[in-house]
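**Q** To start, I am sharing the structure in question, which I have written as structure tokens.
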Amino acid sequence: TSSHRPEFEDVATTYLRRDELLPFEKPPKPLDVLGRLGGTTEEWATQFAALDDVRRLAMFEPSLLTDSVLRNISERTVVLAQSLRSAVAKNALRCLGEVFASFGPQLEPVLPAAVATCMKRAVDTNRFLAEEAHVTIREIC
């Protein structure tokens with residue numbers, strides 16, 4: 001499709017640690033990132049890259065994440081943490097933990113859904129998802 005961006009091919013399978021995230025030359029608009037988080041399952045590479053953008057916004061440009069945008073992004077990230085696409089789910093869990101670590105009390109409305117999702121993933125038969133969910137729970141708490 002015309003919206004396919006080949007640079008996402010490599011990004012989609014690379015899980016970045018927090019210390020590997022780089023600042024933006026020009027940060028994206030948070031609403032654009034939110035739109036990329038809401039793509040269809042066929043757009044999983046776009047979703048994966050958008051999750052990394054959320055992580056980078058939270059780390060390097062937190063003032064761009066207003067309360068309403070932050071809540072919407074966090075709600076969408078909770079949904080992506082439930083994805084059947086394990087790469088998206090793992091990156092969403094990582095993103096969720098970092099966003100909660102950065103913004104804590106501002107995310108109280110999302111807390112019940114986030115914790116429920118993490119608890120489900122913590123007992124997932126997919127070990128690498130379960131391990132990531134454990135890390136996320138620690139960051140949320």
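Residues in the structure tokens are named by chain (A, B, ... in the order shown) and by number from 1 within that chain; ligands are numbered from 1 in the order shown.
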Can you check which parts of stretch 97-137 of chain A lie within 7 Å of stretch 69-84 of chain A? Per residue, the shortest pair of atoms and distance in Å to one decimal, counting only C-alpha atoms, sorted by chain and number, as JSON lines.

**A**
```
{"residue": "A:Leu107", "atom": "CA", "partner": "A:Arg71", "partner_atom": "CA", "distance": 6.4}
{"residue": "A:Val110", "atom": "CA", "partner": "A:Glu75", "partner_atom": "CA", "distance": 6.4}
{"residue": "A:Ala114", "atom": "CA", "partner": "A:Val78", "partner_atom": "CA", "distance": 5.7}
{"residue": "A:Thr117", "atom": "CA", "partner": "A:Gln82", "partner_atom": "CA", "distance": 6.7}
```

**Q** Could you pull the residues within 12 Å of A:Val135, counting only C-alpha atoms, minus those fewer than 4 positions along the same chain, as a VMD selection string?

**A** chain A and resid 90 to 91 93 to 98 100 to 101 115 118 to 119 121 to 122 128 to 131 139 to 141

**Q** Generate the output file for the selected residues, N, CA, C and O atoms, as a short mmCIF file (atom, residue, chain, number, x, y, z; two decimals), in the first residue's frame.

**A**
```
data_model
loop_
_atom_site.label_atom_id
_atom_site.label_comp_id
_atom_site.auth_asym_id
_atom_site.auth_seq_id
_atom_site.Cartn_x
_atom_site.Cartn_y
_atom_site.Cartn_z
N LYS A 90 4.42 -7.29 23.43
CA LYS A 90 5.61 -7.09 24.27
C LYS A 90 6.03 -5.62 24.28
O LYS A 90 6.33 -5.06 25.34
N ASN A 91 6.05 -4.99 23.12
CA ASN A 91 6.46 -3.59 23.07
C ASN A 91 5.42 -2.70 23.76
O ASN A 91 5.78 -1.71 24.40
N LEU A 93 3.62 -3.59 26.37
CA LEU A 93 3.87 -3.76 27.80
C LEU A 93 5.05 -2.91 28.24
O LEU A 93 5.00 -2.23 29.27
N ARG A 94 6.11 -2.93 27.46
CA ARG A 94 7.31 -2.14 27.76
C ARG A 94 6.94 -0.65 27.79
O ARG A 94 7.33 0.08 28.70
N CYS A 95 6.18 -0.22 26.81
CA CYS A 95 5.75 1.18 26.71
C CYS A 95 4.88 1.55 27.92
O CYS A 95 5.07 2.61 28.53
N LEU A 96 3.96 0.69 28.26
CA LEU A 96 3.05 0.94 29.38
C LEU A 96 3.82 1.14 30.68
O LEU A 96 3.56 2.09 31.43
N GLY A 97 4.78 0.27 30.94
CA GLY A 97 5.57 0.39 32.16
C GLY A 97 6.33 1.71 32.21
O GLY A 97 6.36 2.38 33.24
N GLU A 98 6.90 2.10 31.08
CA GLU A 98 7.68 3.34 31.05
C GLU A 98 6.80 4.58 31.18
O GLU A 98 7.17 5.55 31.85
N PHE A 100 3.88 4.68 32.74
CA PHE A 100 3.46 4.74 34.15
C PHE A 100 4.59 5.21 35.05
O PHE A 100 4.38 5.98 35.98
N ALA A 101 5.81 4.76 34.76
CA ALA A 101 6.95 5.20 35.57
C ALA A 101 7.17 6.70 35.44
O ALA A 101 7.54 7.37 36.41
N VAL A 115 -3.41 -2.82 34.97
CA VAL A 115 -3.02 -3.89 35.89
C VAL A 115 -3.68 -5.21 35.48
O VAL A 115 -3.02 -6.26 35.47
N CYS A 118 -1.81 -6.58 32.50
CA CYS A 118 -0.49 -7.08 32.91
C CYS A 118 -0.61 -8.41 33.66
O CYS A 118 0.21 -9.30 33.46
N MET A 119 -1.60 -8.53 34.52
CA MET A 119 -1.78 -9.78 35.26
C MET A 119 -2.09 -10.93 34.31
O MET A 119 -1.56 -12.03 34.47
N ARG A 121 -1.20 -11.13 31.15
CA ARG A 121 0.02 -11.41 30.41
C ARG A 121 1.10 -12.05 31.29
O ARG A 121 1.93 -12.81 30.79
N ALA A 122 1.08 -11.78 32.57
CA ALA A 122 2.08 -12.35 33.48
C ALA A 122 1.94 -13.87 33.60
O ALA A 122 2.90 -14.55 33.97
N PHE A 128 8.26 -14.98 26.98
CA PHE A 128 8.83 -13.63 26.86
C PHE A 128 7.78 -12.56 27.09
O PHE A 128 8.10 -11.47 27.54
N LEU A 129 6.51 -12.85 26.86
CA LEU A 129 5.44 -11.91 27.22
C LEU A 129 5.23 -11.89 28.73
O LEU A 129 5.06 -10.82 29.32
N ALA A 130 5.25 -13.06 29.34
CA ALA A 130 5.06 -13.14 30.79
C ALA A 130 6.17 -12.38 31.52
O ALA A 130 5.91 -11.63 32.47
N GLU A 131 7.41 -12.54 31.07
CA GLU A 131 8.54 -11.85 31.70
C GLU A 131 8.39 -10.33 31.56
O GLU A 131 8.64 -9.59 32.50
N GLU A 139 7.02 -1.73 37.32
CA GLU A 139 7.12 -0.30 36.99
C GLU A 139 5.83 0.46 37.33
O GLU A 139 5.88 1.60 37.74
N ILE A 140 4.70 -0.21 37.15
CA ILE A 140 3.41 0.44 37.47
C ILE A 140 3.29 0.65 38.97
O ILE A 140 2.83 1.70 39.42
N CYS A 141 3.74 -0.35 39.73
CA CYS A 141 3.60 -0.27 41.17
C CYS A 141 4.73 0.51 41.78
O CYS A 141 4.70 1.01 42.82
#
```

**Q** Hey, what's within 12 Å of A:Ser63 if we count only C-alpha atoms and toss same-chain stuff fewer than 3 positions away? As number ranges by chain, please?

**A** A: 27, 29-30, 56-60, 66-67, 69-70, 102-103

**Q** For a quick check of understanding, using only C-alpha atoms, which of A:Ser86, A:Pro109, A:Tyr15, A:Val99 has the smallest distance to A:Asp124?

**A** A:Ser86

**Q** What are the DSSP helix (DSSP H, G or I) residues of chain A, as an MDAnalysis selection string?

**A** chainID A and resid 8:11 18:20 30:37 41:60 62:64 67:81 86:122 127:140

**Q** Which value, in Å to one decimal, gives the distance between atom CA of A:Arg85 and atom CA of A:Val123?

**A**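 Atom CA of A:Val123 lies 16.6 Å from atom CA of A:Arg85.
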
**Q** Looking at A:Ala113, A:Ala89, A:Leu37, A:Pro105, which one is nearest to A:Ala133, with distances taken over only C-alpha atoms?

**A**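 Of A:Ala113, A:Ala89, A:Leu37, A:Pro105, the one nearest A:Ala133 is A:Ala89, counting only C-alpha atoms.
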
**Q** With only C-alpha atoms as the atoms that count, which of A:Leu21, A:Thr13, A:Leu31, A:Val88 lies nearest to A:Gln47?

**A**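 The shortest atom-to-atom distance to A:Gln47 comes from A:Val88.
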
**Q** So how many Å separate atom CA of A:Arg127 and atom CA of A:Gly104, to one decimal?

**A** 26.7 Å

**Q** Which distance in Å separates atom CA of A:Thr46 and atom CA of A:Glu108, to one decimal?

**A**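 Separating atom CA of A:Thr46 from atom CA of A:Glu108 is a distance of 27.2 Å.
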
**Q** Might you pull out every residue within 10 Å of A:Arg36, with only C-alpha atoms counted and same-chain residues fewer than 6 positions away left off, and present them as a PDB file with all heavy atoms, in the first residue's frame?

**A**
```pdb
ATOM      1  N   PRO A  30       1.687  14.325  19.054  1.00  0.00           N
ATOM      2  CA  PRO A  30       1.126  13.201  19.805  1.00  0.00           C
ATOM      3  C   PRO A  30      -0.168  12.639  19.213  1.00  0.00           C
ATOM      4  O   PRO A  30      -0.386  11.429  19.251  1.00  0.00           O
ATOM      5  CB  PRO A  30       0.901  13.791  21.200  1.00  0.00           C
ATOM      6  CG  PRO A  30       1.974  14.829  21.320  1.00  0.00           C
ATOM      7  CD  PRO A  30       2.050  15.437  19.941  1.00  0.00           C
ATOM      8  N   GLU A  43      -1.366  -3.559  10.238  1.00  0.00           N
ATOM      9  CA  GLU A  43      -0.413  -2.469  10.385  1.00  0.00           C
ATOM     10  C   GLU A  43       0.424  -2.639  11.658  1.00  0.00           C
ATOM     11  O   GLU A  43       0.782  -1.669  12.302  1.00  0.00           O
ATOM     12  CB  GLU A  43      -1.159  -1.132  10.426  1.00  0.00           C
ATOM     13  CG  GLU A  43      -1.903  -0.835   9.148  1.00  0.00           C
ATOM     14  CD  GLU A  43      -2.848   0.334   9.268  1.00  0.00           C
ATOM     15  OE1 GLU A  43      -3.173   0.752  10.392  1.00  0.00           O
ATOM     16  OE2 GLU A  43      -3.275   0.830   8.230  1.00  0.00           O
ATOM     17  N   TRP A  44       0.741  -3.865  11.990  1.00  0.00           N
ATOM     18  CA  TRP A  44       1.424  -4.103  13.265  1.00  0.00           C
ATOM     19  C   TRP A  44       2.791  -3.442  13.328  1.00  0.00           C
ATOM     20  O   TRP A  44       3.211  -2.987  14.383  1.00  0.00           O
ATOM     21  CB  TRP A  44       1.500  -5.601  13.578  1.00  0.00           C
ATOM     22  CG  TRP A  44       2.391  -6.384  12.666  1.00  0.00           C
ATOM     23  CD1 TRP A  44       2.060  -6.967  11.481  1.00  0.00           C
ATOM     24  CD2 TRP A  44       3.770  -6.664  12.874  1.00  0.00           C
ATOM     25  NE1 TRP A  44       3.154  -7.591  10.952  1.00  0.00           N
ATOM     26  CE2 TRP A  44       4.216  -7.425  11.785  1.00  0.00           C
ATOM     27  CE3 TRP A  44       4.670  -6.351  13.891  1.00  0.00           C
ATOM     28  CZ2 TRP A  44       5.526  -7.875  11.675  1.00  0.00           C
ATOM     29  CZ3 TRP A  44       5.979  -6.791  13.780  1.00  0.00           C
ATOM     30  CH2 TRP A  44       6.390  -7.555  12.672  1.00  0.00           C
ATOM     31  N   ALA A  45       3.500  -3.336  12.205  1.00  0.00           N
ATOM     32  CA  ALA A  45       4.812  -2.678  12.220  1.00  0.00           C
ATOM     33  C   ALA A  45       4.653  -1.186  12.513  1.00  0.00           C
ATOM     34  O   ALA A  45       5.474  -0.593  13.210  1.00  0.00           O
ATOM     35  CB  ALA A  45       5.543  -2.895  10.900  1.00  0.00           C
ATOM     36  N   THR A  46       3.580  -0.594  12.007  1.00  0.00           N
ATOM     37  CA  THR A  46       3.285   0.807  12.291  1.00  0.00           C
ATOM     38  C   THR A  46       2.976   0.983  13.777  1.00  0.00           C
ATOM     39  O   THR A  46       3.454   1.926  14.418  1.00  0.00           O
ATOM     40  CB  THR A  46       2.092   1.286  11.433  1.00  0.00           C
ATOM     41  OG1 THR A  46       2.445   1.147  10.055  1.00  0.00           O
ATOM     42  CG2 THR A  46       1.731   2.729  11.732  1.00  0.00           C
ATOM     43  N   GLN A  47       2.187   0.076  14.326  1.00  0.00           N
ATOM     44  CA  GLN A  47       1.855   0.134  15.752  1.00  0.00           C
ATOM     45  C   GLN A  47       3.115  -0.024  16.600  1.00  0.00           C
ATOM     46  O   GLN A  47       3.308   0.697  17.570  1.00  0.00           O
ATOM     47  CB  GLN A  47       0.841  -0.954  16.110  1.00  0.00           C
ATOM     48  CG  GLN A  47      -0.511  -0.731  15.493  1.00  0.00           C
ATOM     49  CD  GLN A  47      -1.429  -1.931  15.655  1.00  0.00           C
ATOM     50  OE1 GLN A  47      -0.979  -3.073  15.772  1.00  0.00           O
ATOM     51  NE2 GLN A  47      -2.717  -1.684  15.671  1.00  0.00           N
ATOM     52  N   PHE A  48       3.967  -0.955  16.234  1.00  0.00           N
ATOM     53  CA  PHE A  48       5.202  -1.202  16.975  1.00  0.00           C
ATOM     54  C   PHE A  48       6.054   0.067  17.010  1.00  0.00           C
ATOM     55  O   PHE A  48       6.544   0.478  18.058  1.00  0.00           O
ATOM     56  CB  PHE A  48       5.972  -2.356  16.323  1.00  0.00           C
ATOM     57  CG  PHE A  48       7.123  -2.866  17.138  1.00  0.00           C
ATOM     58  CD1 PHE A  48       6.995  -4.017  17.895  1.00  0.00           C
ATOM     59  CD2 PHE A  48       8.346  -2.206  17.142  1.00  0.00           C
ATOM     60  CE1 PHE A  48       8.066  -4.501  18.642  1.00  0.00           C
ATOM     61  CE2 PHE A  48       9.419  -2.676  17.892  1.00  0.00           C
ATOM     62  CZ  PHE A  48       9.271  -3.831  18.644  1.00  0.00           C
ATOM     63  N   ALA A  49       6.233   0.686  15.846  1.00  0.00           N
ATOM     64  CA  ALA A  49       7.029   1.911  15.762  1.00  0.00           C
ATOM     65  C   ALA A  49       6.373   3.049  16.539  1.00  0.00           C
ATOM     66  O   ALA A  49       7.067   3.845  17.187  1.00  0.00           O
ATOM     67  CB  ALA A  49       7.236   2.305  14.300  1.00  0.00           C
ATOM     68  N   ALA A  50       5.047   3.135  16.500  1.00  0.00           N
ATOM     69  CA  ALA A  50       4.334   4.182  17.251  1.00  0.00           C
ATOM     70  C   ALA A  50       4.532   3.996  18.752  1.00  0.00           C
ATOM     71  O   ALA A  50       4.662   4.986  19.492  1.00  0.00           O
ATOM     72  CB  ALA A  50       2.847   4.164  16.902  1.00  0.00           C
ATOM     73  N   LEU A  51       4.580   2.759  19.221  1.00  0.00           N
ATOM     74  CA  LEU A  51       4.836   2.503  20.644  1.00  0.00           C
ATOM     75  C   LEU A  51       6.219   3.024  21.037  1.00  0.00           C
ATOM     76  O   LEU A  51       6.379   3.626  22.111  1.00  0.00           O
ATOM     77  CB  LEU A  51       4.711   1.008  20.957  1.00  0.00           C
ATOM     78  CG  LEU A  51       3.293   0.452  20.928  1.00  0.00           C
ATOM     79  CD1 LEU A  51       3.307  -1.074  20.835  1.00  0.00           C
ATOM     80  CD2 LEU A  51       2.508   0.919  22.135  1.00  0.00           C
ATOM     81  N   ASP A  53       7.679   5.474  19.585  1.00  0.00           N
ATOM     82  CA  ASP A  53       7.546   6.933  19.589  1.00  0.00           C
ATOM     83  C   ASP A  53       6.911   7.426  20.890  1.00  0.00           C
ATOM     84  O   ASP A  53       7.323   8.457  21.422  1.00  0.00           O
ATOM     85  CB  ASP A  53       6.737   7.410  18.391  1.00  0.00           C
ATOM     86  CG  ASP A  53       7.541   7.400  17.091  1.00  0.00           C
ATOM     87  OD1 ASP A  53       8.784   7.223  17.158  1.00  0.00           O
ATOM     88  OD2 ASP A  53       6.931   7.574  16.024  1.00  0.00           O
TER      89      ASP A  53
END
```
